[in-house]
Amino acid sequence: MGWWVGVLPGRAMTSSSSSLSPPPSGCDDLIGAIFELGRTLCRLQLSDEELALFTAAVLLSPDRPWLTESKKVQKLQDKIYVALQHEIQKKHSAEDKLSKMVSKLPLMKTICNLHLDKLEFFRLLHPETAMNFPPLYKEVFNSELQYSDPRES
């Protein structure tokens, strides 16, 4: 009876069981922001290609502080946005679809920051559990968080 959220193009899902349990304590703002993003992206009715290109553009963000060659990342991101615009035009979608997609970036950054805050709080409360996070999860968030035991300081 765990609580979870999944967002797919055109669908939002909640709980794998018939009864929905409440979100983890203190995560209401994060969960609400995730649902809002899912709701607004679903309204855009993105094709698989549009969603893939938009995801690539978001992942290739040149403003990450640890990047050493942000100009190269920016050039690659620009090419992806051109491909995305081409895909949107090819499908004869609304001309403002790309601007609507890009307007979601601040909400995505907010979600990322909320997630990092919740993760840091969880790491401080449960350091032994945080040390056992899956390797990929640790790799993705290791640049922002330290997984050392706070008792060692």
# chains A, B, ... in the order shown; residues from 1 in each chain; ligands from 1

$ closest_atom_pairs --of "region 20-78 of chain A" --to "region 102-118 of chain A" --cutoff "10 Å" --atoms "only C-alpha atoms" --output "tab-separated table"
residue	atom	partner	partner_atom	distance
A:Gly26	CA	A:Lys118	CA	8.2
A:Cys27	CA	A:Lys118	CA	7.4
A:Asp29	CA	A:Leu114	CA	7.9
A:Leu30	CA	A:Leu114	CA	6.0
A:Ile31	CA	A:Ile111	CA	8.8
A:Gly32	CA	A:Ile111	CA	9.4
A:Ala33	CA	A:Ile111	CA	6.3
A:Ile34	CA	A:Ile111	CA	6.8
A:Glu36	CA	A:Leu107	CA	8.8
A:Leu37	CA	A:Leu107	CA	7.1
A:Thr40	CA	A:Lys104	CA	8.3
A:Leu41	CA	A:Lys104	CA	8.3
A:Phe54	CA	A:Val102	CA	8.7
A:Ala57	CA	A:Val102	CA	9.8
A:Val58	CA	A:Leu105	CA	7.8

$ write_last_selection --atoms "N, CA, C and O atoms" --output "CSV table (one decimal), in the first residue's frame"
chain,number,residue,atom,x,y,z
A,26,GLY,N,5.6,15.8,5.1
A,26,GLY,CA,6.6,16.8,4.8
A,26,GLY,C,6.8,16.9,3.3
A,26,GLY,O,7.6,17.7,2.8
A,27,CYS,N,6.2,16.1,2.5
A,27,CYS,CA,6.4,16.1,1.0
A,27,CYS,C,5.3,16.6,0.2
A,27,CYS,O,5.3,16.5,-1.0
A,29,ASP,N,4.4,19.6,-0.6
A,29,ASP,CA,4.7,20.6,-1.6
A,29,ASP,C,5.4,20.0,-2.8
A,29,ASP,O,5.1,20.4,-3.9
A,30,LEU,N,6.3,19.0,-2.6
A,30,LEU,CA,7.0,18.4,-3.7
A,30,LEU,C,6.0,17.6,-4.5
A,30,LEU,O,6.0,17.7,-5.7
A,31,ILE,N,5.1,16.8,-3.9
A,31,ILE,CA,4.2,16.0,-4.6
A,31,ILE,C,3.2,16.9,-5.3
A,31,ILE,O,2.9,16.6,-6.5
A,32,GLY,N,2.8,18.0,-4.7
A,32,GLY,CA,1.9,18.9,-5.4
A,32,GLY,C,2.5,19.5,-6.7
A,32,GLY,O,1.9,19.6,-7.7
A,33,ALA,N,3.8,19.9,-6.6
A,33,ALA,CA,4.5,20.4,-7.7
A,33,ALA,C,4.6,19.4,-8.8
A,33,ALA,O,4.5,19.7,-10.0
A,34,ILE,N,4.9,18.2,-8.5
A,34,ILE,CA,5.0,17.1,-9.4
A,34,ILE,C,3.7,16.9,-10.2
A,34,ILE,O,3.7,16.8,-11.4
A,36,GLU,N,1.3,19.1,-10.5
A,36,GLU,CA,1.0,20.2,-11.3
A,36,GLU,C,1.8,20.2,-12.7
A,36,GLU,O,1.3,20.4,-13.7
A,37,LEU,N,3.1,19.8,-12.6
A,37,LEU,CA,3.9,19.6,-13.8
A,37,LEU,C,3.3,18.6,-14.7
A,37,LEU,O,3.1,18.8,-15.9
A,40,THR,N,0.1,19.9,-16.4
A,40,THR,CA,0.3,20.8,-17.5
A,40,THR,C,1.0,20.2,-18.7
A,40,THR,O,0.6,20.6,-19.8
A,41,LEU,N,1.9,19.3,-18.5
A,41,LEU,CA,2.5,18.6,-19.6
A,41,LEU,C,1.5,17.7,-20.3
A,41,LEU,O,1.6,17.6,-21.6
A,54,PHE,N,12.3,17.1,-25.7
A,54,PHE,CA,12.2,18.1,-24.5
A,54,PHE,C,13.0,17.5,-23.3
A,54,PHE,O,13.7,18.3,-22.7
A,57,ALA,N,16.6,18.1,-23.9
A,57,ALA,CA,16.9,19.6,-23.8
A,57,ALA,C,17.0,19.9,-22.3
A,57,ALA,O,17.9,20.7,-21.9
A,58,VAL,N,16.1,19.4,-21.5
A,58,VAL,CA,16.1,19.7,-20.0
A,58,VAL,C,17.4,19.0,-19.4
A,58,VAL,O,18.0,19.7,-18.6

$ closest_residue --among "A:Lys100, A:Thr129, A:Pro134, A:Ala83" --to "Arg43 (chain A)" --atoms "only C-alpha atoms"
A:Lys100

$ atom_distance --atom1 "CA of Glu87 (chain A)" --atom2 "CA of Leu53 (chain A)"
8.9 Å
